[in-house]
Every structure is written in structure tokens, then in C-alpha cells.
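Data first, discussion second: the structure below is written as C-alpha cells.
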Amino acid sequence: MNENKVHGSVKWQSPSNIAIVKYWGKRPGMKQIPQNPSVSFTLSKCRTETSIDYEASDRFGLHFYFDGKENPEFQTKIAEFLKSQMAVFPFLNEMELRINSHNSFPHSSGIASSASSMSALVLCLLDIECALKGGELDLKKASHLSRLASGSACRSVFPKMALWGATEAFQSSSDDYAVSLENEIHSVFQTYHDSILIVSDAKKAVSSRAGHALMDSNPYAAMRYDQANKHTTALLEVLKAGDLGAFCRIAESEAMQLHALMMCSEPSFILMKPNTLRIINTLYEFRQETDIPVCFTLDAGPNVHILYPDQHAELVERFIMDELEPYCHEGKWIADQVGDGPSRC
Ligand code: PMV
């Protein structure tokens, strides 16, 4: 960098996302290339705010703070990613960064924050690049780089819904980055709710890196990837048509498959807790009694995401408070909803 005067500050917020068709399994020997396409809702309340203060220096330097405090675990992860991207962002070789990051959701809520934090970080880096070189921030590039930082993070950069992974069912789809489904979905999905029931706030029993690796030797892997492709094709139609019954069937089948895959991996894992099953069974009864198209999905953990259209929000939220809250850890749940994607702060 030729002048020592180069300095500035950028800040972004970026949301988490919840997959309906799940990404579980990477292509061996490739950098975060998924074995199958995945589709997700972009969330609203669960998000990370990240700022970077940057200043020209004679070498690369990083100070990382999470919630105002130094965090060596995150610092290592972020330094590793930044060093891997020196060819993309050569200016980093001569820059001192001070990164401050904060999650809007509780750190120990059992909710994965890598999608929101890594996409927020990448958007900040691209903003610095724009400040130094000019030009507009490119969301496709943001998605591509977020993928390299943490697979599913590539879906967080788009509003409403995103598709990641090449599929014949969607022309511009790619394994390298996600594409927006904002204009491909029925209005009912634009305001969908995701109430996240915290069954346990413990750290994940299996990291997603280890979980993906278990798929390499899973005896049902080929069948799973075939199913995920079929679910993606069907879901894209269902999202367009606004068919809520079919949406519920696909979402729940995907959640169950993800957990079934873990149960038949070697070593095997049970990631649900007794209260996960109690919530699911109580939800089945409520749906049967009311005919409301409310369903669930699960991430790679015990927490339950309850998905439902805005028009039924009042009844479903009353049901959650009356019947499901007792199964939540300290009664905790987050009333989240489909969101508009990242923004500059
Ligand atoms: O992006 P990763 O490596 O944390 O993997 C995410 C895996 C799941 O959350 C279980 C599914 C998904 O598609 O988000």
C-alpha cells in the first residue's frame, strides 16, 4: 500500500438461514462443494453485526473481538479464512484489521452462527475492496466467498429464500454460490414464520465439518443425494404454487432424513433430545386438530424450528406458548420470520 493514510471503517449485519432441503455431505477433495442442492429461508432476527476498522500497515494484522471481548477460538478461524483469501483480497497483506462482531441471538442458544457471521465478514471485506478500488458490491461474489468460509453461509446473502447447488430444475443454479429465490416464490412464503424452540443450549455434539465427513462412508449416501435432488425439484414447484401441504411434507421429510443419516453413520449420533420428540408429537396433534399448515424442521441439533404462514401466526404462537414452551430450555424460543437479507449498518 503506497500511503499510510489508507484507513476506514465498514459495518454489515447479515442473517442466519434455515434449510428446508438440507446440505449434508461435501464432494471429497473439493472446497465446500455440496453433494446436493439445498434451499433455505433467510431469517430476520437471528443475525450477526460485524464491523471492520482497517488501516494500512507494513503487514497483515488482526484483532478480533466478539461482544467486545477478545475471542481466541473465533480469531483463529477468521485468521485462517483471511489468510486463505489473500489472493482475492491482496490489500489484506498490508493491512491491520480490527473486527468487532456481535450476534443478535444468545451465544449459547444452540443456534449455529457461522452462516450469519461469515457472510457479514465477507460483506465487510467486499466493502473495503469497493472503497479501495471502486465499483459496486457484487452479491454473487459475496455468496461465493461466504461459501468458502462456511458452506451454508452462501445462502444468507439473499433476501427471503435461496438455492445453493446445481440443479437442472433451476437454470442459473450453481455449486459455487447460491442464487436468490425471492422472485420465484408465492407471496405466502415471503412472510413465513420460523419460531425456533430452544430445547438445549449446549454446544453441538457433532461439528458440521465432522457431520459432513461422516457422509463419505454413510451406506445410504447415494440414495440420500438422489432424494435431496428430487425434494429440491419438487420444492421449487411447491414454493411457486404456494402448496402448503406439500411444503410441510417435504420440510419434515428432510428434517427426519438429516437425523436418520446421523443415526446410521459410523460412529452414529442421536442429536434429538426427548423434548425434541415431545414437541414434534404435540405439533402433529395440533395440526390434526386445527388443520393449520404448520410444520417443523430441524438443524443438526435438538432445537425445533416451527414453520407457518403469517395468517396463522396468532393461533400458532398461542399454541407454542401454552403447549410447547414447557419443553424448551428455560422456556426459551425465538419468534423469527423470513427476512430481507444483509444490510449495511
Ligand atoms: O454450512 P455448514 O457446514 O455449517 O453445514 C450446514 C448443515 C445444516 O445446517 C445441517 C444444513 C443446511 O443446509 O444448512
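Ordered as shown in the C-alpha cells, chains take letters A, B, and onward, while each chain numbers its residues from 1 and ligands are numbered from 1 in the order shown.
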For A:Arg318: contacts at 12 Å, only C-alpha atoms, fewer than 6 positions along chain excluded, given as a ChimeraX atom specification: /A:195,286,312,324-325,335
Test item: residues at most 12 Å from A:Tyr225, only C-alpha atoms, excluding those fewer than 6 positions along its chain, as number ranges by chain: A: 21-27, 34-38, 165, 167, 215-216, 218-219, 231-232, 254, 257-258, 261
Shell of 9 Å around ligand 1 (only C-alpha atoms and all ligand atoms), written as a PyMOL selection string: chain A and resi 17-26+32+37-40+112-115+147+149-155+164+207-209+211-212+255+258+298-301
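If you look at atom CA of A:Ala234 and atom CA of A:Ile250, they are 8.3 Å away from each other.
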Strand (DSSP E) call set, DSSP backbone run, stretch 100-304 of chain A, as JSON, numbers by chain: {"A": [100, 101, 102, 103, 161, 162, 163, 164, 178, 179, 180, 193, 194, 195, 196, 197, 295, 296, 297, 298, 304]}
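With only C-alpha atoms as the atoms that count, the minimum distance from A:Asp201 to the choices A:Glu73, A:Glu330, A:Glu96, A:Glu80 is reached by A:Glu330.
Note that DSSP on the backbone gives alpha helix (DSSP H) to these residues of stretch 78-138 of chain A: Ile78, Ala79, Glu80, Phe81, Leu82, Lys83, Ser84, Ser114, Ala115, Ser116, Ser117, Met118, Ser119, Ala120, Leu121, Val122, Leu123, Cys124, Leu125, Leu126, Asp127, Ile128, Glu129, Cys130, Ala131, Leu132 and Lys133 of chain A.
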Atom CA of A:Val206 to atom CA of A:Met223, straight-line distance in Å: 22.5 Å
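The two atoms in question, atom CA of A:Leu145 and atom CA of A:Phe41, are spaced 19.5 Å apart.
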Shell around A:His102 at 6 Å using only C-alpha atoms, local window under 3 positions removed, as a VMD selection string: chain A and resid 48 to 49 66 to 67
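Closest approach to A:Arg344 among A:Thr76, A:Gln171, A:Ser51, A:Thr42: A:Ser51, based on only C-alpha atoms.
Residues in contact with A:Phe81 at up to 12 Å, not including ones fewer than 3 positions away on its chain and judged by only C-alpha atoms, are Leu62, Phe74, Gln75, Thr76, Lys77, Ile78, Ser84, Gln85, Met86, Ala87, Val88, Phe89, Leu92, Met118, Leu121, Val122, Leu125, Leu145, Ser146, Arg147, Leu148, Ala149 and Ser150 of chain A.
The residue that comes closest to A:Glu129, out of A:Ser253, A:Ser9, A:Asn281, A:Ser268 and on the basis of only C-alpha atoms, is A:Ser9.
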Shell of 10 Å around A:Lys240, only C-alpha atoms, local chain residues under 6 positions omitted, as JSON, numbers by chain: {"A": [181, 183, 184, 185, 186, 187, 188, 189]}
Got time to write the residues from that selection, N, CA, C and O atoms, as a PDB file, in the first residue's frame?
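The file below, result_38.pdb, is the result:
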```
ATOM      1  N   LEU A 181     -34.083 -16.785  -4.528  1.00  0.00           N
ATOM      2  CA  LEU A 181     -35.388 -17.302  -4.956  1.00  0.00           C
ATOM      3  C   LEU A 181     -36.490 -16.288  -4.661  1.00  0.00           C
ATOM      4  O   LEU A 181     -37.668 -16.596  -4.759  1.00  0.00           O
ATOM      5  N   ASN A 183     -37.852 -13.908  -6.158  1.00  0.00           N
ATOM      6  CA  ASN A 183     -38.903 -13.687  -7.156  1.00  0.00           C
ATOM      7  C   ASN A 183     -39.498 -14.981  -7.688  1.00  0.00           C
ATOM      8  O   ASN A 183     -40.220 -14.983  -8.677  1.00  0.00           O
ATOM      9  N   GLU A 184     -39.170 -16.085  -7.031  1.00  0.00           N
ATOM     10  CA  GLU A 184     -39.625 -17.391  -7.526  1.00  0.00           C
ATOM     11  C   GLU A 184     -40.623 -18.025  -6.571  1.00  0.00           C
ATOM     12  O   GLU A 184     -40.984 -19.181  -6.744  1.00  0.00           O
ATOM     13  N   ILE A 185     -40.995 -17.277  -5.529  1.00  0.00           N
ATOM     14  CA  ILE A 185     -41.853 -17.893  -4.515  1.00  0.00           C
ATOM     15  C   ILE A 185     -43.183 -17.159  -4.360  1.00  0.00           C
ATOM     16  O   ILE A 185     -43.275 -15.955  -4.530  1.00  0.00           O
ATOM     17  N   HIS A 186     -44.193 -17.933  -4.031  1.00  0.00           N
ATOM     18  CA  HIS A 186     -45.543 -17.426  -3.774  1.00  0.00           C
ATOM     19  C   HIS A 186     -45.495 -16.448  -2.598  1.00  0.00           C
ATOM     20  O   HIS A 186     -44.677 -16.609  -1.684  1.00  0.00           O
ATOM     21  N   SER A 187     -46.432 -15.491  -2.599  1.00  0.00           N
ATOM     22  CA  SER A 187     -46.401 -14.454  -1.565  1.00  0.00           C
ATOM     23  C   SER A 187     -46.503 -15.029  -0.144  1.00  0.00           C
ATOM     24  O   SER A 187     -45.978 -14.445   0.805  1.00  0.00           O
ATOM     25  N   VAL A 188     -47.155 -16.197  -0.002  1.00  0.00           N
ATOM     26  CA  VAL A 188     -47.315 -16.764   1.348  1.00  0.00           C
ATOM     27  C   VAL A 188     -45.953 -17.041   1.998  1.00  0.00           C
ATOM     28  O   VAL A 188     -45.801 -16.958   3.219  1.00  0.00           O
ATOM     29  N   PHE A 189     -44.943 -17.343   1.170  1.00  0.00           N
ATOM     30  CA  PHE A 189     -43.624 -17.672   1.729  1.00  0.00           C
ATOM     31  C   PHE A 189     -42.769 -16.428   2.019  1.00  0.00           C
ATOM     32  O   PHE A 189     -41.760 -16.522   2.702  1.00  0.00           O
TER      33      PHE A 189
END
```
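For the set A:Phe105, A:Phe60, A:Tyr284, A:Tyr308, the residue with the smallest atom-to-atom gap to A:Phe247 is A:Tyr308, counting only C-alpha atoms.
Residues in contact with A:His144 at 9 Å, where only C-alpha atoms are counted and same-chain residues fewer than 5 positions away are skipped, are listed as A:Leu139, A:Cys154, A:Asp176, A:Tyr177, A:Ala178.
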